[in-house]
>>> print(open('coords18.txt').read())   # compact mmCIF, C-alpha atoms
# COMPACT_ATOMS: atom_id res chain seq x y z
CA MET A 333 30.13 15.96 -62.51
CA ASN A 334 28.69 19.41 -63.23
CA ASP A 335 27.24 21.50 -60.41
CA ALA A 336 23.50 22.19 -60.67
CA LEU A 337 21.21 24.37 -58.58
CA ILE A 338 17.98 22.69 -57.47
CA ARG A 339 15.20 25.13 -56.62
CA TYR A 340 12.12 23.77 -54.83
CA PHE A 341 9.00 25.90 -55.29
CA PRO A 342 5.65 25.41 -53.50
CA HIS A 343 3.24 26.38 -56.32
CA VAL A 344 3.99 28.48 -59.42
CA ASP A 345 1.69 29.99 -62.05
CA TYR A 346 2.60 28.74 -65.50
CA ALA A 347 3.11 32.02 -67.38
CA PRO A 348 5.77 33.69 -65.17
CA CYS A 349 7.60 30.38 -64.83
CA TRP A 350 7.72 29.87 -68.59
CA GLN A 351 9.01 33.43 -69.09
CA ALA A 352 11.69 32.93 -66.43
CA MET A 353 12.88 29.74 -68.14
CA ARG A 354 13.26 31.59 -71.43
CA ASP A 355 15.04 34.50 -69.76
CA LEU A 356 17.55 32.18 -68.07
CA THR A 357 18.19 30.37 -71.37
CA ASP A 358 18.61 33.57 -73.39
CA ASN A 359 20.97 35.16 -70.86
CA ARG A 360 23.12 32.21 -69.90
CA SER A 361 26.85 32.03 -70.66
CA PRO A 362 29.18 29.00 -70.88
CA ASP A 363 29.80 29.43 -67.14
CA THR A 364 26.15 29.61 -66.07
CA LEU A 365 25.19 26.85 -63.64
CA ASP A 366 22.56 24.37 -64.75
CA GLU A 367 19.29 24.52 -62.80
CA LEU A 368 16.39 22.21 -62.01
CA TRP A 369 13.13 23.79 -60.88
CA VAL A 370 10.87 21.45 -58.92
CA LEU A 371 7.28 22.65 -58.55
CA GLU A 372 3.52 22.33 -58.96
CA HIS A 373 1.28 24.33 -61.29
CA PRO A 374 -2.38 25.32 -60.85
CA PRO A 375 -4.62 23.53 -63.41
CA VAL A 376 -3.51 24.31 -66.97
CA PHE A 377 -3.43 22.61 -70.36
CA THR A 378 -0.32 23.37 -72.43
CA LEU A 379 -0.14 22.85 -76.17
CA GLY A 380 3.33 22.16 -77.60
CA GLN A 381 4.73 23.46 -80.87
CA ALA A 382 3.35 20.48 -82.78
CA GLY A 383 0.12 20.60 -80.81
CA LYS A 384 -3.16 20.26 -82.66
CA PRO A 385 -6.07 22.17 -81.09
CA GLU A 386 -8.43 19.30 -81.86
CA HIS A 387 -6.63 17.22 -79.20
CA VAL A 388 -8.16 19.57 -76.63
CA LEU A 389 -11.59 17.96 -76.42
CA ASN A 390 -13.23 20.07 -73.72
CA ALA A 391 -11.01 22.48 -71.79
CA GLY A 392 -13.94 23.82 -69.76
CA ASP A 393 -12.72 26.21 -67.07
CA ILE A 394 -9.06 25.13 -67.36
CA PRO A 395 -6.93 27.58 -69.37
CA VAL A 396 -5.09 26.42 -72.51
CA VAL A 397 -1.64 27.92 -73.13
CA LYS A 398 0.19 27.52 -76.45
CA THR A 399 3.82 27.08 -75.48
CA ASP A 400 7.18 26.53 -77.18
CA ARG A 401 8.13 23.04 -75.98
CA GLY A 402 8.04 19.97 -78.16
CA GLY A 403 5.07 17.64 -78.23
CA GLN A 404 1.31 17.88 -78.19
CA VAL A 405 -1.12 18.73 -75.38
CA THR A 406 -0.61 17.87 -71.72
CA TYR A 407 -2.11 18.76 -68.37
CA HIS A 408 -0.52 20.18 -65.22
CA GLY A 409 -2.27 20.49 -61.88
CA PRO A 410 -2.16 19.91 -58.13
CA GLY A 411 -0.79 16.51 -57.13
CA GLN A 412 1.70 16.48 -60.02
CA THR A 413 5.39 17.31 -59.71
CA VAL A 414 6.93 19.24 -62.59
CA ILE A 415 10.71 19.40 -62.99
CA TYR A 416 12.05 21.97 -65.43
CA LEU A 417 15.58 21.33 -66.62
CA MET A 418 17.71 24.30 -67.69
CA LEU A 419 20.79 22.41 -68.86
CA ASP A 420 23.79 23.12 -71.10
CA ILE A 421 23.61 19.88 -73.08
CA LYS A 422 26.90 20.49 -74.87
CA ARG A 423 28.68 20.74 -71.53
CA LEU A 424 26.95 17.55 -70.39
CA GLY A 425 27.96 15.76 -73.60
CA LEU A 426 24.35 14.97 -74.51
CA GLY A 427 22.43 15.40 -77.73
CA SER A 428 18.68 15.91 -77.84
CA ARG A 429 17.93 12.18 -78.06
CA GLY A 430 20.44 11.39 -75.34
CA MET A 431 18.83 13.98 -73.11
CA VAL A 432 15.35 12.48 -73.54
CA THR A 433 16.68 8.98 -72.93
CA ALA A 434 18.55 10.04 -69.77
CA ILE A 435 15.41 11.67 -68.33
CA GLU A 436 13.20 8.68 -69.13
CA GLU A 437 15.75 6.24 -67.70
CA GLY A 438 16.09 8.38 -64.58
CA ILE A 439 12.33 8.18 -63.96
CA ILE A 440 12.37 4.43 -64.65
CA ASP A 441 15.27 4.00 -62.18
CA PHE A 442 13.39 6.02 -59.57
CA LEU A 443 10.27 3.88 -59.94
CA ALA A 444 12.29 0.65 -59.93
CA GLY A 445 13.76 1.68 -56.60
CA LEU A 446 10.19 1.80 -55.27
CA GLY A 447 9.31 -1.62 -56.69
CA VAL A 448 7.37 -0.33 -59.71
CA GLU A 449 8.28 -1.67 -63.15
CA ALA A 450 8.03 1.05 -65.78
CA ALA A 451 9.10 1.52 -69.39
CA SER A 452 9.51 4.11 -72.12
CA ARG A 453 8.05 3.90 -75.65
CA ASP A 454 9.72 4.59 -78.98
CA ASP A 455 6.57 6.14 -80.43
CA ALA A 456 5.61 8.38 -77.50
CA PRO A 457 7.99 10.14 -75.07
CA GLY A 458 7.25 9.58 -71.40
CA VAL A 459 7.19 6.74 -68.91
CA TYR A 460 4.48 4.08 -68.65
CA VAL A 461 3.36 1.50 -66.08
CA GLU A 462 1.46 -1.40 -67.67
CA GLY A 463 0.50 0.86 -70.57
CA ALA A 464 -0.73 3.75 -68.40
CA LYS A 465 1.26 6.97 -68.52
CA ILE A 466 2.75 8.09 -65.22
CA ALA A 467 5.22 10.73 -66.48
CA SER A 468 5.18 13.13 -69.43
CA LEU A 469 8.12 14.78 -71.16
CA GLY A 470 8.53 17.84 -73.38
CA LEU A 471 11.67 19.88 -74.03
CA ARG A 472 12.88 22.89 -75.98
CA ILE A 473 16.51 23.27 -77.01
CA ARG A 474 17.78 26.77 -77.74
CA ARG A 475 21.31 28.17 -77.79
CA GLY A 476 22.65 24.72 -76.87
CA ALA A 477 20.55 24.54 -73.72
CA THR A 478 17.30 22.90 -72.68
CA TYR A 479 14.27 24.21 -70.90
CA HIS A 480 10.82 22.81 -70.09
CA GLY A 481 11.11 19.24 -68.78
CA LEU A 482 9.05 16.48 -67.19
CA ALA A 483 5.91 15.98 -65.13
CA ILE A 484 5.18 12.98 -62.92
CA ASN A 485 1.75 12.23 -61.48
CA ARG A 486 1.86 11.82 -57.70
CA ASP A 487 -1.66 11.79 -56.32
CA MET A 488 -3.50 14.07 -58.73
CA ASP A 489 -7.11 14.05 -59.87
CA LEU A 490 -6.93 12.32 -63.26
CA SER A 491 -10.31 13.51 -64.55
CA PRO A 492 -8.91 16.56 -66.45
CA TRP A 493 -6.90 14.18 -68.63
CA GLN A 494 -10.22 12.97 -70.05
CA ARG A 495 -10.73 16.44 -71.53
CA ILE A 496 -7.73 15.99 -73.88
CA ASN A 497 -5.96 13.36 -75.95
CA PRO A 498 -2.82 13.18 -73.80
CA CYS A 499 0.21 14.00 -75.98
CA GLY A 500 -2.03 13.45 -79.00
CA HIS A 501 -2.92 9.84 -78.17
CA VAL A 502 -6.65 9.11 -78.14
CA GLY A 503 -7.80 7.30 -75.01
CA GLN A 504 -4.34 7.13 -73.42
CA PRO A 505 -4.82 5.83 -69.85
CA MET A 506 -3.06 7.72 -67.08
CA THR A 507 -1.89 6.62 -63.64
CA THR A 508 -0.29 8.02 -60.49
CA LEU A 509 2.28 7.06 -57.90
CA GLN A 510 -0.55 6.78 -55.40
CA ALA A 511 -2.33 4.23 -57.62
CA GLN A 512 0.90 2.20 -57.63
CA GLY A 513 0.85 2.07 -53.83
CA ILE A 514 3.76 4.47 -53.32
CA PRO A 515 3.25 6.27 -50.00
CA LEU A 516 5.95 8.95 -50.31
CA THR A 517 5.22 12.55 -49.31
CA ARG A 518 5.71 15.21 -51.98
CA THR A 519 9.02 16.31 -50.41
CA GLU A 520 10.38 12.76 -50.14
CA MET A 521 9.37 11.90 -53.68
CA GLU A 522 10.84 15.06 -55.21
CA GLN A 523 14.15 14.75 -53.39
CA GLN A 524 14.53 11.09 -54.36
CA LEU A 525 13.64 11.71 -58.00
CA VAL A 526 16.04 14.68 -58.25
CA THR A 527 18.86 12.55 -56.83
CA VAL A 528 18.29 9.79 -59.39
CA LEU A 529 17.89 12.23 -62.31
CA ALA A 530 21.02 14.14 -61.34
CA ASN A 531 22.99 10.92 -61.31
CA ARG A 532 21.72 9.96 -64.78
CA LEU A 533 22.52 13.42 -66.17
CA GLY A 534 25.96 13.70 -64.58
CA LEU A 535 24.98 16.54 -62.26
CA SER A 536 26.13 17.33 -58.73
CA PRO A 537 22.99 18.87 -57.15
CA ARG A 538 22.87 21.56 -54.49
CA THR A 539 19.78 23.35 -53.24
CA GLY A 540 19.38 27.00 -54.24
CA ALA A 541 17.17 29.80 -52.92
CA LEU A 542 13.93 30.83 -54.59
CA PRO A 543 14.72 33.41 -57.30
CA ASP A 544 13.66 37.04 -57.45
CA TRP A 545 11.18 36.49 -60.29
CA TYR A 546 9.25 34.01 -58.13
CA ASN A 547 9.19 36.29 -55.09
CA GLN A 548 7.94 39.17 -57.24
CA ALA A 549 5.25 37.03 -58.90
CA SER A 550 4.12 35.73 -55.51
CA THR A 551 3.85 39.26 -54.13
CA LEU A 552 1.78 40.37 -57.12
CA SER A 553 -0.58 37.39 -56.91
CA ALA A 554 -0.99 37.88 -53.16
CA GLY A 555 -1.71 41.56 -53.60
>>> encode(input="coords18.txt", output="structure tokens")
Amino acid sequence: MNDALIRYFPHVDYAPCWQAMRDLTDNRSPDTLDELWVLEHPPVFTLGQAGKPEHVLNAGDIPVVKTDRGGQVTYHGPGQTVIYLMLDIKRLGLGSRGMVTAIEEGIIDFLAGLGVEAASRDDAPGVYVEGAKIASLGLRIRRGATYHGLAINRDMDLSPWQRINPCGHVGQPMTTLQAQGIPLTRTEMEQQLVTVLANRLGLSPRTGALPDWYNQASTLSAG
């Protein structure tokens, strides 16, 4: 098992978080610990490298950010847990497809433990419950390491999803843990999901402190 730092953030603006992921990836060495960042974003649409602007139907007052992960357009907002995975996939013995499969199976295992039957799809990354998408997935691999990650809908307002074609799929229905009758608090849900994911990925998790970049960004936004 490889040690991994798990950092739990309250709420994080998208731009500084994205920059911090890239900085960690660019500066890591073979000895750098893997990290998982568990957080929420304010409302934002992100358009992946293959993203087509026409899949953003009506952004309205929600910002659209063109980012460097794989995939099309997705939405992040309150009531959704995002887990970013900064992992040395060579050290973990995983290729890109193996990484995606491990993440999807980890989410499916987590939901199964709560009595919810879920599945992945060959034609569209993510996890689905009776055809409705409950978790999205988008990664970038650079210098043998991943960043970006997954997002799972806890108890979020689903109406912003109607302003886009989620992951490029017209009319894709979305769902939440709350809609599946799962009563976990945010903290309980995040800790349980991290435990299951870490097991799937061969990681030994330990909680880390909030990093300097987050403290600086929080001070600036508060000021």
>>> residues_around(input="coords18.txt", residues="Ala434 in chain A", least_positions_apart="6", cutoff="9 Å", atoms="only C-alpha atoms", output="number ranges by chain")
A: 426, 529, 532-533
>>> closest_atom_pairs(input="coords18.txt", of="range 393-473 of chain A", to="range 347-356 of chain A", cutoff="10 Å", atoms="all atoms listed in the file", output="tab-separated table")
residue	atom	partner	partner_atom	distance
A:Val397	CA	A:Ala347	CA	8.5
A:Thr399	CA	A:Trp350	CA	8.4
A:Asp400	CA	A:Trp350	CA	9.2
A:Tyr416	CA	A:Met353	CA	8.3
A:Leu417	CA	A:Met353	CA	9.0
A:Met418	CA	A:Met353	CA	7.3
A:Arg472	CA	A:Arg354	CA	9.8
>>> closest_residue(input="coords18.txt", among="A:Val344, A:Ala456, A:Leu424, A:Leu471", to="Gly380 in chain A", atoms="all atoms listed in the file")
A:Leu471
>>> atom_distance(input="coords18.txt", atom1="CA of Leu379 in chain A", atom2="CA of Asp441 in chain A")
28.1 Å
>>> closest_residue(input="coords18.txt", among="A:Ala444, A:Leu482, A:Cys499, A:Leu365", to="Gln381 in chain A", atoms="only C-alpha atoms")
A:Cys499
>>> closest_residue(input="coords18.txt", among="A:Lys465, A:Gly458, A:Pro410, A:Gln523", to="Asp489 in chain A", atoms="all atoms listed in the file")
A:Pro410
>>> residues_around(input="coords18.txt", residues="Ala451 in chain A", least_positions_apart="3", cutoff="9 Å", atoms="only C-alpha atoms", output="short mmCIF file (atom, residue, chain, number, x, y, z; two decimals) with C-alpha atoms, keeping the file's coordinate frame")
data_model
loop_
_atom_site.label_atom_id
_atom_site.label_comp_id
_atom_site.auth_asym_id
_atom_site.auth_seq_id
_atom_site.Cartn_x
_atom_site.Cartn_y
_atom_site.Cartn_z
CA GLU A 436 13.20 8.68 -69.13
CA GLU A 437 15.75 6.24 -67.70
CA ILE A 440 12.37 4.43 -64.65
CA GLY A 458 7.25 9.58 -71.40
CA VAL A 459 7.19 6.74 -68.91
CA TYR A 460 4.48 4.08 -68.65
CA VAL A 461 3.36 1.50 -66.08
CA GLU A 462 1.46 -1.40 -67.67
CA GLY A 463 0.50 0.86 -70.57
#
>>> closest_residue(input="coords18.txt", among="A:Gln510, A:Gln524, A:Thr406, A:Thr378", to="Arg486 in chain A", atoms="only C-alpha atoms")
A:Gln510
>>> atom_distance(input="coords18.txt", atom1="CA of Val388 in chain A", atom2="CA of Gln504 in chain A")
13.4 Å
>>> closest_residue(input="coords18.txt", among="A:Leu419, A:Leu337, A:Met521, A:Val405", to="Leu389 in chain A", atoms="only C-alpha atoms")
A:Val405
>>> closest_residue(input="coords18.txt", among="A:Leu371, A:Leu490, A:Leu443, A:Ile466", to="Tyr346 in chain A", atoms="only C-alpha atoms")
A:Leu371
>>> residues_around(input="coords18.txt", residues="Ile484 in chain A", least_positions_apart="2", cutoff="9 Å", atoms="all atoms listed in the file", output="PyMOL selection string")
chain A and resi 412-415+439+459+466-469+482+486+508-509
>>> residues_near_point(input="coords18.txt", point="(15.6, 16.3, -56.0)", cutoff="10 Å", atoms="all atoms listed in the file", output="count of residues only")
22
>>> residues_around(input="coords18.txt", residues="Trp493 in chain A", least_positions_apart="5", cutoff="8 Å", atoms="only C-alpha atoms", output="list in words")
Thr406, Tyr407, Pro498 and Met506 of chain A
>>> atom_distance(input="coords18.txt", atom1="CA of Arg360 in chain A", atom2="CA of Gly476 in chain A")
10.2 Å
>>> axis_aligned_box(input="coords18.txt", around="range 501-520 of chain A", padding_each_side="5 Å", output="JSON")
{"center_x": 1.3, "center_y": 9.2, "center_z": -63.7, "size_x": 28.2, "size_y": 24.2, "size_z": 38.9}
>>> residues_around(input="coords18.txt", residues="Pro505 in chain A", least_positions_apart="2", cutoff="7 Å", atoms="only C-alpha atoms", output="number ranges by chain")
A: 464-465, 503, 507
